[in-house]
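Structure first, commentary second.
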Amino acid sequence: MSVVSHAELSGITLAFAVALAGSAVGTPLGAFAALTRGTTERLVGRACDLIQAFPTFLLALVVLSAVRVPSRLDLGLVFALTAWAPFARLALVETRVLREAAFVEAAFAIGLGKGRVLARHLLPNLLGVVAVQLGSAAAAIVVAEAAFAFVGLGPRDGVSLGGVLDQGVACMLRAPHVLWVGAASVFVTSASMLLAGTAMVDPSERSRAGASFG
């Protein structure tokens, strides 16, 4: 169980680090693009379409296959290549609504620049939906990291939920409980990430956050 606990902690740390990095890049980018409008808005939207249309798993598989012995840092960098796009898309859509709000128009009317409007008025209003996306992204990274470790492209130290699954398959006939423990750990860890993201949202905003993903 100590190996499983260590693997869960490593997976959660990697997932949240990548998800936070994606949020830090994508959310301001998408919000700024929507606030700026015009060519910038279209370019960011097309970039998000391109990134999200290409299978992330396939991209990571190609990149990691070129690395002799992938490390956890390599995994994080590969995941970070596409992690920003969902946050940018979400911020882009939400800011298109918020930019028409009276408080944003009032902020511009009193002479605030785009940067200050973005930082003081728009980004704080995006925290609810971004928190839900943060949990969703972290859950997806936990599953992806386990999948890569299962096929032999995991961290070189071998400490991964995918490694536990691999061991479970190898000794399935002699000790089937190892496979069950590994599968349950992946499910519980990813589900916990989703629930953590939802729990960070104020109850009054959950209906709006859920509608953004519907």
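If you're wondering about the labels, chains in the structure tokens are A, B, ... by order shown, residues count from 1 in each chain, ligands from 1 in order shown.
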Could you build a table of the residues in range 57-92 of chain A lying no more than 10 Å from range 35-49 of chain A, giving for each the nearest pair of atoms and their separation in Å rounded to one decimal place, using only C-alpha atoms, ordered by chain and ascending residue number, as a Markdown table?
| residue | atom | partner | partner_atom | distance |
| --- | --- | --- | --- | --- |
| A:Thr82 | CA | A:Cys48 | CA | 9.0 |
| A:Trp84 | CA | A:Cys48 | CA | 8.7 |
| A:Ala85 | CA | A:Cys48 | CA | 5.1 |
| A:Pro86 | CA | A:Cys48 | CA | 7.3 |
| A:Phe87 | CA | A:Cys48 | CA | 9.3 |
| A:Ala88 | CA | A:Cys48 | CA | 7.1 |
| A:Arg89 | CA | A:Cys48 | CA | 6.2 |
| A:Leu90 | CA | A:Cys48 | CA | 9.9 |
| A:Leu92 | CA | A:Gly45 | CA | 7.7 |
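You can rank A:Val132, A:Leu64, A:Val18, A:Ala102 by their closest distance to Ala199 in chain A using only C-alpha atoms, and at the top of that list sits A:Val132.
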Need to verify the contact set: Ala60 in chain A, 9 Å, only C-alpha atoms, exclusion of same-chain residues closer than 2 positions in sequence. Can you return it as a PyMOL selection string?
chain A and resi 55-58+62-65+75+78-79+148
A:Gly30, A:Pro155, A:Gly113, A:Gly197: which is nearest Ala91 in chain A, counting only C-alpha atoms?
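For Ala91 in chain A, the nearest of the candidates is A:Gly30.
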List the neighbours of Leu123 in chain A out to 10 Å using only C-alpha atoms; skip same-chain residues closer than 3 positions along the sequence, and give me the result as a list in words.
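With the cut-off at 10 Å, the set is Thr27, Pro28, Ala31, Phe32, Ala91, Thr95, Val117, Leu118, Ala119, Arg120, Leu126, Leu127, Gly128 and Val130 of chain A.
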Residues as selected, N, CA, C and O atoms, written as a PDB file, in the first residue's frame, can you do that?
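As a result, selection_36.pdb now contains:
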ATOM      1  N   THR A  27      -5.996  30.937 -19.143  1.00  0.00           N
ATOM      2  CA  THR A  27      -7.088  31.801 -18.698  1.00  0.00           C
ATOM      3  C   THR A  27      -6.855  33.277 -19.043  1.00  0.00           C
ATOM      4  O   THR A  27      -7.724  33.911 -19.655  1.00  0.00           O
ATOM      5  N   PRO A  28      -5.709  33.859 -18.679  1.00  0.00           N
ATOM      6  CA  PRO A  28      -5.482  35.259 -19.080  1.00  0.00           C
ATOM      7  C   PRO A  28      -5.435  35.442 -20.594  1.00  0.00           C
ATOM      8  O   PRO A  28      -5.898  36.464 -21.111  1.00  0.00           O
ATOM      9  N   ALA A  31      -9.073  35.334 -21.935  1.00  0.00           N
ATOM     10  CA  ALA A  31      -9.818  36.515 -21.499  1.00  0.00           C
ATOM     11  C   ALA A  31      -9.333  37.765 -22.217  1.00  0.00           C
ATOM     12  O   ALA A  31     -10.140  38.606 -22.650  1.00  0.00           O
ATOM     13  N   PHE A  32      -8.017  37.897 -22.368  1.00  0.00           N
ATOM     14  CA  PHE A  32      -7.473  39.067 -23.063  1.00  0.00           C
ATOM     15  C   PHE A  32      -7.893  39.081 -24.533  1.00  0.00           C
ATOM     16  O   PHE A  32      -8.222  40.129 -25.085  1.00  0.00           O
ATOM     17  N   ALA A  91     -12.146  30.613 -21.037  1.00  0.00           N
ATOM     18  CA  ALA A  91     -12.054  32.043 -20.731  1.00  0.00           C
ATOM     19  C   ALA A  91     -12.540  32.889 -21.899  1.00  0.00           C
ATOM     20  O   ALA A  91     -13.181  33.931 -21.711  1.00  0.00           O
ATOM     21  N   THR A  95     -15.670  35.325 -21.324  1.00  0.00           N
ATOM     22  CA  THR A  95     -15.380  36.758 -21.404  1.00  0.00           C
ATOM     23  C   THR A  95     -16.215  37.430 -22.487  1.00  0.00           C
ATOM     24  O   THR A  95     -16.511  38.634 -22.393  1.00  0.00           O
ATOM     25  N   VAL A 117      -8.752  46.279 -16.302  1.00  0.00           N
ATOM     26  CA  VAL A 117     -10.101  45.685 -16.364  1.00  0.00           C
ATOM     27  C   VAL A 117     -10.007  44.163 -16.302  1.00  0.00           C
ATOM     28  O   VAL A 117     -10.788  43.503 -15.607  1.00  0.00           O
ATOM     29  N   LEU A 118      -9.030  43.639 -17.016  1.00  0.00           N
ATOM     30  CA  LEU A 118      -8.835  42.194 -17.024  1.00  0.00           C
ATOM     31  C   LEU A 118      -8.489  41.674 -15.630  1.00  0.00           C
ATOM     32  O   LEU A 118      -9.084  40.700 -15.153  1.00  0.00           O
ATOM     33  N   ALA A 119      -7.534  42.333 -14.975  1.00  0.00           N
ATOM     34  CA  ALA A 119      -7.060  41.863 -13.677  1.00  0.00           C
ATOM     35  C   ALA A 119      -8.053  42.099 -12.545  1.00  0.00           C
ATOM     36  O   ALA A 119      -8.204  41.253 -11.650  1.00  0.00           O
ATOM     37  N   ARG A 120      -8.750  43.226 -12.569  1.00  0.00           N
ATOM     38  CA  ARG A 120      -9.595  43.609 -11.437  1.00  0.00           C
ATOM     39  C   ARG A 120     -11.049  43.194 -11.580  1.00  0.00           C
ATOM     40  O   ARG A 120     -11.754  43.058 -10.579  1.00  0.00           O
ATOM     41  N   LEU A 126     -14.029  34.833 -13.429  1.00  0.00           N
ATOM     42  CA  LEU A 126     -13.821  33.568 -14.125  1.00  0.00           C
ATOM     43  C   LEU A 126     -13.380  32.443 -13.189  1.00  0.00           C
ATOM     44  O   LEU A 126     -13.284  31.287 -13.620  1.00  0.00           O
ATOM     45  N   LEU A 127     -13.119  32.766 -11.936  1.00  0.00           N
ATOM     46  CA  LEU A 127     -12.547  31.777 -11.023  1.00  0.00           C
ATOM     47  C   LEU A 127     -13.424  30.547 -10.847  1.00  0.00           C
ATOM     48  O   LEU A 127     -12.930  29.427 -10.714  1.00  0.00           O
ATOM     49  N   GLY A 128     -14.746  30.739 -10.824  1.00  0.00           N
ATOM     50  CA  GLY A 128     -15.647  29.607 -10.611  1.00  0.00           C
ATOM     51  C   GLY A 128     -15.541  28.555 -11.699  1.00  0.00           C
ATOM     52  O   GLY A 128     -15.296  27.377 -11.425  1.00  0.00           O
ATOM     53  N   VAL A 130     -13.241  28.294 -13.986  1.00  0.00           N
ATOM     54  CA  VAL A 130     -11.854  27.839 -14.122  1.00  0.00           C
ATOM     55  C   VAL A 130     -11.547  26.764 -13.085  1.00  0.00           C
ATOM     56  O   VAL A 130     -10.815  25.806 -13.366  1.00  0.00           O
TER      57      VAL A 130
END
Leaving out Arg116 in chain A and any residue of its chain fewer than 5 positions from it, which residues lie within 12 Å of it when counting only C-alpha atoms, given as a PDB file with N, CA and C atoms, in the first residue's frame?
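See result08.pdb below for the written result:
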ATOM      1  N   PHE A  32      -8.017  37.897 -22.368  1.00  0.00           N
ATOM      2  CA  PHE A  32      -7.473  39.067 -23.063  1.00  0.00           C
ATOM      3  C   PHE A  32      -7.893  39.081 -24.533  1.00  0.00           C
ATOM      4  N   LEU A  35     -11.458  40.160 -24.779  1.00  0.00           N
ATOM      5  CA  LEU A  35     -11.597  41.580 -24.457  1.00  0.00           C
ATOM      6  C   LEU A  35     -11.071  42.457 -25.588  1.00  0.00           C
ATOM      7  N   VAL A 104     -18.203  46.199 -16.623  1.00  0.00           N
ATOM      8  CA  VAL A 104     -17.042  46.298 -17.502  1.00  0.00           C
ATOM      9  C   VAL A 104     -17.109  47.592 -18.312  1.00  0.00           C
ATOM     10  N   ALA A 107     -16.149  50.385 -16.091  1.00  0.00           N
ATOM     11  CA  ALA A 107     -14.706  50.434 -15.842  1.00  0.00           C
ATOM     12  C   ALA A 107     -13.978  51.133 -16.988  1.00  0.00           C
ATOM     13  N   PHE A 108     -14.378  50.834 -18.213  1.00  0.00           N
ATOM     14  CA  PHE A 108     -13.780  51.515 -19.366  1.00  0.00           C
ATOM     15  C   PHE A 108     -14.170  52.997 -19.389  1.00  0.00           C
ATOM     16  N   ILE A 110     -14.598  55.025 -16.949  1.00  0.00           N
ATOM     17  CA  ILE A 110     -13.849  55.852 -16.002  1.00  0.00           C
ATOM     18  C   ILE A 110     -12.351  55.884 -16.339  1.00  0.00           C
ATOM     19  N   GLY A 111     -11.989  55.258 -17.457  1.00  0.00           N
ATOM     20  CA  GLY A 111     -10.617  55.381 -17.944  1.00  0.00           C
ATOM     21  C   GLY A 111      -9.682  54.230 -17.643  1.00  0.00           C
ATOM     22  N   HIS A 121     -11.501  42.966 -12.817  1.00  0.00           N
ATOM     23  CA  HIS A 121     -12.923  42.699 -13.014  1.00  0.00           C
ATOM     24  C   HIS A 121     -13.223  41.383 -13.719  1.00  0.00           C
ATOM     25  N   LEU A 122     -12.456  41.028 -14.730  1.00  0.00           N
ATOM     26  CA  LEU A 122     -12.781  39.842 -15.507  1.00  0.00           C
ATOM     27  C   LEU A 122     -12.240  38.551 -14.886  1.00  0.00           C
ATOM     28  N   LEU A 123     -10.945  38.506 -14.599  1.00  0.00           N
ATOM     29  CA  LEU A 123     -10.358  37.278 -14.070  1.00  0.00           C
ATOM     30  C   LEU A 123     -11.011  36.817 -12.762  1.00  0.00           C
ATOM     31  N   PRO A 124     -11.308  37.724 -11.811  1.00  0.00           N
ATOM     32  CA  PRO A 124     -12.003  37.261 -10.600  1.00  0.00           C
ATOM     33  C   PRO A 124     -13.361  36.627 -10.891  1.00  0.00           C
TER      34      PRO A 124
END
Non-local contacts of range 175-181 of chain A (9 Å; only C-alpha atoms; under 3 positions in same chain excluded) as a PyMOL selection string
chain A and resi 1+4+164-172+184-186
Selected residue, from A:Leu50, A:Val129, A:Ala183, A:Ala196, that lies nearest to Ser23 in chain A when counting only C-alpha atoms:
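Closest candidate: A:Val129.
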Identify which of the residues A:Ser71, A:Thr189, A:Gln133, A:Thr198 lies closest to Glu8 in chain A, counting only C-alpha atoms when measuring atom-to-atom distances.
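Once distances to Glu8 in chain A are computed over only C-alpha atoms, the minimum belongs to A:Thr189.
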